[in-house]
>>> print(open('target-v8.txt').read())   # compact mmCIF, C-alpha atoms
# COMPACT_ATOMS: atom_id res chain seq x y z
CA MET A 1 -16.27 12.65 -6.58
CA VAL A 2 -16.64 11.24 -10.11
CA SER A 3 -13.99 8.64 -10.99
CA ASN A 4 -13.19 6.62 -14.07
CA LEU A 5 -12.37 2.90 -13.80
CA THR A 6 -10.08 1.38 -16.43
CA ARG A 7 -9.38 -2.36 -16.46
CA LEU A 8 -5.85 -3.12 -17.63
CA ARG A 9 -3.33 -5.89 -18.05
CA PHE A 10 0.47 -5.68 -17.85
CA LYS A 11 3.38 -8.11 -17.80
CA ALA A 12 4.22 -8.92 -14.19
CA THR A 13 7.40 -10.87 -14.97
CA SER A 14 8.77 -12.58 -18.05
CA ARG A 15 8.11 -15.97 -16.44
CA THR A 16 4.63 -15.42 -15.05
CA GLY A 17 3.23 -13.32 -17.89
CA GLU A 18 0.41 -10.81 -17.65
CA THR A 19 -1.73 -9.90 -14.67
CA SER A 20 -4.74 -7.66 -14.07
CA ALA A 21 -4.94 -4.11 -12.78
CA HIS A 22 -7.64 -1.51 -12.13
CA LEU A 23 -6.94 2.18 -12.55
CA VAL A 24 -9.36 4.42 -10.66
CA ARG A 25 -8.81 8.05 -11.57
CA PRO A 26 -10.94 10.82 -10.04
CA GLU A 27 -11.48 14.16 -11.69
CA ALA A 28 -8.65 16.58 -10.87
CA ALA A 29 -6.46 13.81 -9.45
CA LYS A 30 -3.29 15.02 -7.77
CA TRP A 31 -1.49 11.71 -7.10
CA LEU A 32 -1.32 8.13 -8.31
CA PHE A 33 -1.02 5.38 -5.68
CA VAL A 34 0.27 2.01 -6.96
CA LEU A 35 -1.54 -0.30 -4.57
CA GLY A 36 -0.58 -3.94 -3.90
CA HIS A 37 -3.01 -6.28 -2.15
CA GLY A 38 -2.60 -8.40 0.97
CA ALA A 39 -1.57 -12.05 0.96
CA GLY A 40 -5.06 -13.52 0.89
CA ALA A 41 -7.00 -11.21 -1.41
CA GLY A 42 -6.71 -9.62 -4.84
CA ILE A 43 -7.82 -6.39 -6.45
CA ASN A 44 -11.53 -7.19 -6.10
CA HIS A 45 -11.44 -7.64 -2.33
CA PRO A 46 -13.95 -5.29 -0.62
CA PHE A 47 -11.19 -3.48 1.25
CA MET A 48 -9.23 -2.83 -1.94
CA GLU A 49 -12.30 -1.47 -3.69
CA ALA A 50 -13.33 0.62 -0.70
CA ILE A 51 -9.93 2.20 -0.07
CA ALA A 52 -9.64 3.04 -3.78
CA ALA A 53 -12.99 4.84 -3.58
CA SER A 54 -12.01 6.71 -0.41
CA LEU A 55 -8.68 7.78 -1.89
CA ALA A 56 -10.49 8.98 -5.01
CA ASP A 57 -12.63 11.21 -2.79
CA HIS A 58 -9.36 12.85 -1.74
CA ARG A 59 -8.13 13.25 -5.34
CA ILE A 60 -5.73 10.30 -5.22
CA ALA A 61 -5.92 7.90 -8.17
CA THR A 62 -5.11 4.23 -7.59
CA PHE A 63 -3.56 1.53 -9.73
CA ARG A 64 -4.30 -1.69 -7.89
CA TYR A 65 -2.93 -4.90 -9.31
CA ASN A 66 -2.88 -8.66 -8.79
CA PHE A 67 0.26 -10.54 -7.93
CA PRO A 68 0.68 -13.53 -10.29
CA TYR A 69 -0.43 -16.23 -7.82
CA ILE A 70 -3.76 -14.49 -7.25
CA GLU A 71 -4.19 -14.03 -11.00
CA ARG A 72 -3.75 -17.81 -11.39
CA GLY A 73 -6.27 -18.57 -8.65
CA ARG A 74 -3.72 -19.88 -6.17
CA LYS A 75 -3.53 -19.26 -2.42
CA ARG A 76 0.20 -19.59 -1.78
CA PRO A 77 2.11 -16.37 -2.54
CA ASP A 78 4.79 -16.33 -5.20
CA PRO A 79 8.47 -16.33 -4.20
CA THR A 80 9.70 -12.96 -2.94
CA ALA A 81 11.69 -12.37 -6.15
CA VAL A 82 8.51 -12.69 -8.23
CA LEU A 83 6.53 -10.46 -5.88
CA THR A 84 9.12 -7.67 -5.86
CA ALA A 85 9.59 -7.90 -9.64
CA THR A 86 5.82 -7.54 -10.01
CA VAL A 87 5.93 -4.42 -7.85
CA ARG A 88 8.47 -2.86 -10.21
CA SER A 89 6.43 -3.81 -13.26
CA ALA A 90 3.27 -2.38 -11.68
CA VAL A 91 4.96 0.93 -10.89
CA ALA A 92 6.21 1.20 -14.47
CA ALA A 93 2.81 0.28 -15.93
CA ALA A 94 1.00 2.73 -13.67
CA ALA A 95 3.35 5.59 -14.50
CA ASN A 96 2.83 4.87 -18.18
CA GLU A 97 -0.95 5.09 -17.76
CA ALA A 98 -0.87 8.39 -15.86
CA PRO A 99 2.43 10.12 -16.72
CA ASP A 100 1.12 13.47 -15.50
CA LEU A 101 0.72 12.37 -11.87
CA PRO A 102 3.38 12.01 -9.15
CA VAL A 103 3.52 8.45 -7.85
CA LEU A 104 3.13 6.77 -4.47
CA ALA A 105 3.66 3.02 -4.06
CA GLY A 106 2.85 0.50 -1.37
CA GLY A 107 -0.23 -1.38 -0.37
CA LYS A 108 -2.18 -3.45 2.10
CA SER A 109 -0.11 -5.70 4.39
CA MET A 110 2.00 -7.96 2.15
CA GLY A 111 1.61 -5.60 -0.82
CA GLY A 112 3.20 -2.81 1.17
CA ARG A 113 5.97 -4.97 2.55
CA MET A 114 6.89 -6.31 -0.91
CA THR A 115 7.00 -2.73 -2.20
CA SER A 116 9.40 -1.74 0.57
CA LEU A 117 11.55 -4.82 -0.07
CA ALA A 118 11.80 -3.85 -3.75
CA ALA A 119 12.67 -0.25 -2.84
CA SER A 120 15.29 -1.37 -0.31
CA LYS A 121 17.29 -3.06 -3.08
CA THR A 122 16.96 -0.45 -5.80
CA PRO A 123 14.91 2.76 -5.51
CA LEU A 124 11.62 2.62 -7.41
CA ALA A 125 11.89 5.07 -10.29
CA GLU A 126 9.57 8.07 -10.10
CA VAL A 127 8.11 7.04 -6.71
CA ALA A 128 7.95 9.98 -4.29
CA GLY A 129 6.93 7.99 -1.22
CA LEU A 130 5.82 4.61 0.14
CA VAL A 131 2.52 4.00 1.93
CA PHE A 132 1.84 0.96 4.12
CA LEU A 133 -1.76 0.12 5.00
CA GLY A 134 -1.06 -2.13 7.96
CA PHE A 135 2.60 -3.17 7.79
CA PRO A 136 2.74 -6.91 8.70
CA LEU A 137 5.53 -6.65 11.24
CA HIS A 138 5.32 -10.16 12.71
CA PRO A 139 3.17 -13.31 12.88
CA ILE A 140 0.30 -13.29 15.36
CA GLY A 141 1.60 -13.94 18.86
CA LYS A 142 5.26 -13.69 17.86
CA PRO A 143 6.26 -10.04 18.32
CA GLU A 144 9.55 -9.20 16.61
CA THR A 145 10.94 -6.64 14.19
CA ASP A 146 12.98 -8.73 11.74
CA ARG A 147 10.50 -8.12 8.91
CA ALA A 148 11.21 -4.40 9.08
CA GLU A 149 15.02 -4.48 9.05
CA HIS A 150 15.11 -3.66 5.35
CA LEU A 151 13.28 -0.36 5.93
CA LYS A 152 16.62 1.06 7.05
CA ARG A 153 17.76 0.71 3.43
CA VAL A 154 14.77 2.52 1.91
CA ALA A 155 15.64 6.03 0.77
CA ALA A 156 12.09 7.25 0.11
CA PRO A 157 9.75 8.82 2.69
CA MET A 158 7.38 6.27 4.25
CA LEU A 159 3.90 6.53 5.76
CA LEU A 160 2.82 3.71 8.07
CA LEU A 161 -0.90 3.52 8.87
CA GLN A 162 -1.42 1.12 11.78
CA GLY A 163 -4.41 0.12 13.89
CA THR A 164 -4.17 -0.18 17.65
CA ARG A 165 -5.78 -3.67 17.51
CA ASP A 166 -3.51 -4.98 14.73
CA ARG A 167 -2.33 -8.41 15.89
CA LEU A 168 0.33 -8.47 13.16
CA ALA A 169 2.02 -5.30 14.38
CA ASP A 170 2.54 -4.60 18.05
CA LEU A 171 2.25 -0.83 18.28
CA GLY A 172 5.19 -0.51 20.66
CA LEU A 173 7.39 -2.37 18.21
CA ILE A 174 6.13 -0.24 15.33
CA HIS A 175 7.31 2.82 17.25
CA GLU A 176 10.71 1.12 17.73
CA VAL A 177 10.92 0.52 13.99
CA CYS A 178 10.05 4.11 13.10
CA THR A 179 12.32 5.90 15.58
CA PRO A 180 15.68 5.13 13.91
CA LEU A 181 14.21 6.00 10.50
CA GLY A 182 13.87 9.60 11.63
CA ALA A 183 12.17 12.02 9.26
CA LEU A 184 11.78 9.35 6.58
CA ALA A 185 9.05 7.58 8.58
CA THR A 186 5.65 8.99 9.52
CA LEU A 187 3.37 6.88 11.71
CA HIS A 188 -0.39 7.41 11.71
CA VAL A 189 -2.19 5.39 14.38
CA VAL A 190 -5.82 4.45 13.80
CA ASP A 191 -7.52 4.05 17.15
CA GLY A 192 -9.47 0.82 17.56
CA ALA A 193 -8.68 -0.61 14.11
CA ASP A 194 -7.48 -4.16 13.52
CA HIS A 195 -5.20 -5.39 10.71
CA GLY A 196 -8.02 -5.05 8.19
CA PHE A 197 -8.92 -1.61 9.60
CA HIS A 198 -12.20 -2.92 11.03
CA VAL A 199 -13.45 -1.23 14.19
CA LEU A 200 -15.80 -2.64 16.80
CA GLN A 201 -19.31 -1.21 17.05
CA ARG A 202 -18.64 0.03 20.56
CA SER A 203 -15.88 2.29 19.21
CA GLY A 204 -18.54 4.72 18.05
CA ARG A 205 -17.10 4.78 14.53
CA THR A 206 -17.85 2.92 11.32
CA ASP A 207 -15.45 1.16 8.97
CA ASP A 208 -16.31 3.77 6.33
CA GLU A 209 -15.19 6.52 8.68
CA VAL A 210 -11.91 4.68 9.22
CA LEU A 211 -11.39 4.38 5.47
CA ASP A 212 -11.90 8.12 5.14
CA GLU A 213 -9.37 8.67 7.94
CA LEU A 214 -6.83 6.55 6.07
CA ALA A 215 -7.39 8.42 2.81
CA GLN A 216 -7.23 11.81 4.53
CA ALA A 217 -3.99 10.80 6.26
CA VAL A 218 -2.44 9.86 2.92
CA ALA A 219 -3.62 13.11 1.33
CA ASN A 220 -2.24 15.19 4.20
CA TRP A 221 1.09 13.36 4.05
CA THR A 222 1.50 14.04 0.33
CA LEU A 223 1.66 17.75 1.15
CA THR A 224 5.02 17.09 2.84
CA LEU A 225 6.60 15.35 -0.16
CA ASP A 226 9.00 16.93 -2.59
CA VAL A 227 7.92 16.31 -6.17
CA SER A 228 10.14 18.93 -7.83
>>> encode(input="target-v8.txt", output="structure tokens")
Amino acid sequence: MVSNLTRLRFKATSRTGETSAHLVRPEAAKWLFVLGHGAGAGINHPFMEAIAASLADHRIATFRYNFPYIERGRKRPDPTAVLTATVRSAVAAAANEAPDLPVLAGGKSMGGRMTSLAASKTPLAEVAGLVFLGFPLHPIGKPETDRAEHLKRVAAPMLLLQGTRDRLADLGLIHEVCTPLGALATLHVVDGADHGFHVLQRSGRTDDEVLDELAQAVANWTLTLDVS
């Protein structure tokens, strides 16, 4: 599907100044996904580019953006307050660029978690649902659910896409997190995928096929959302 790429800048926070964003909009787009990156990679990471392309194939536009520390070339993430403020600024900037499209927000790993933290404090205006591409539930080897406690305070529908080999999210614990959330949480399990949604060759699938599965799952889920 033909898509247009627009390179943008917007003010992340008053203290950190502007940061970069890429808007990928396919023809006949139906949704806009405001997509935050993981802790160690920005908007030009191969996964971020690839998932944007796959989502475009399913008529979902993406507005992927850099958190300020990545924009400044640093490795250590900004304080949580800066990250969540950037999420809010990104959602506002994205909605301004494509006011005709209903909005999803979330992201890869840390980007998704920071979006949910922001939404747990004050709902994100105009956002119909949150999408987590590998929710980082716990450190490797330290299974716990503390990082997901705030999800109980999120009022928007949530889609969690999790791989069975994700070492940052024990699948049993992910189920425990989703159960009390009831109808607000939808879990899509990607067989054989790790935290970066890579699959082993012996799985019989390719990473591109997994990316298409992720995009299709998001597209299917949007059909359940109320955008009236």
>>> closest_residue(input="target-v8.txt", among="A:Ile60, A:Ala93, A:Met110, A:Leu184", to="Ala217 (chain A)", atoms="all atoms listed in the file")
A:Ile60
>>> atom_distance(input="target-v8.txt", atom1="CA of Ile140 (chain A)", atom2="CA of Lys108 (chain A)")
16.7 Å
>>> residues_around(input="target-v8.txt", residues="Ser109 (chain A)", least_positions_apart="2", cutoff="6 Å", atoms="all atoms listed in the file", output="ChimeraX atom specification")
/A:38,111-112,134-136
>>> atom_distance(input="target-v8.txt", atom1="CA of Ala12 (chain A)", atom2="CA of Leu104 (chain A)")
18.5 Å
>>> residues_around(input="target-v8.txt", residues="Ser20 (chain A)", least_positions_apart="5", cutoff="8 Å", atoms="all atoms listed in the file", output="PyMOL selection string")
chain A and resi 7-10+65-66+71
>>> residues_around(input="target-v8.txt", residues="region 88-91 of chain A", least_positions_apart="4", cutoff="7 Å", atoms="all atoms listed in the file", output="ChimeraX atom specification")
/A:11-12,34,84,95,124
>>> residues_around(input="target-v8.txt", residues="Thr13 (chain A)", least_positions_apart="5", cutoff="8 Å", atoms="only C-alpha atoms", output="CSV table (one decimal) with C-alpha atoms, in the coordinates of the input")
chain,number,residue,atom,x,y,z
A,18,GLU,CA,0.4,-10.8,-17.6
A,82,VAL,CA,8.5,-12.7,-8.2
A,85,ALA,CA,9.6,-7.9,-9.6
A,86,THR,CA,5.8,-7.5,-10.0
A,89,SER,CA,6.4,-3.8,-13.3
>>> atom_distance(input="target-v8.txt", atom1="CA of Thr186 (chain A)", atom2="CA of Phe67 (chain A)")
26.7 Å
>>> closest_residue(input="target-v8.txt", among="A:Arg25, A:Arg72, A:Ser120, A:Leu133", to="His37 (chain A)", atoms="all atoms listed in the file")
A:Leu133
>>> residues_around(input="target-v8.txt", residues="Asp207 (chain A)", least_positions_apart="4", cutoff="10 Å", atoms="all atoms listed in the file", output="MDAnalysis selection string")
chainID A and resid 47 50 193 196:201 211:213
>>> closest_residue(input="target-v8.txt", among="A:Leu187, A:Ile43, A:Leu55, A:Ala125", to="Ala219 (chain A)", atoms="all atoms listed in the file")
A:Leu55
>>> closest_residue(input="target-v8.txt", among="A:Val87, A:Ala41, A:Ala128, A:Leu159", to="Gly73 (chain A)", atoms="all atoms listed in the file")
A:Ala41
>>> closest_residue(input="target-v8.txt", among="A:Thr62, A:Arg15, A:Val218, A:Lys142", to="Ala169 (chain A)", atoms="all atoms listed in the file")
A:Lys142
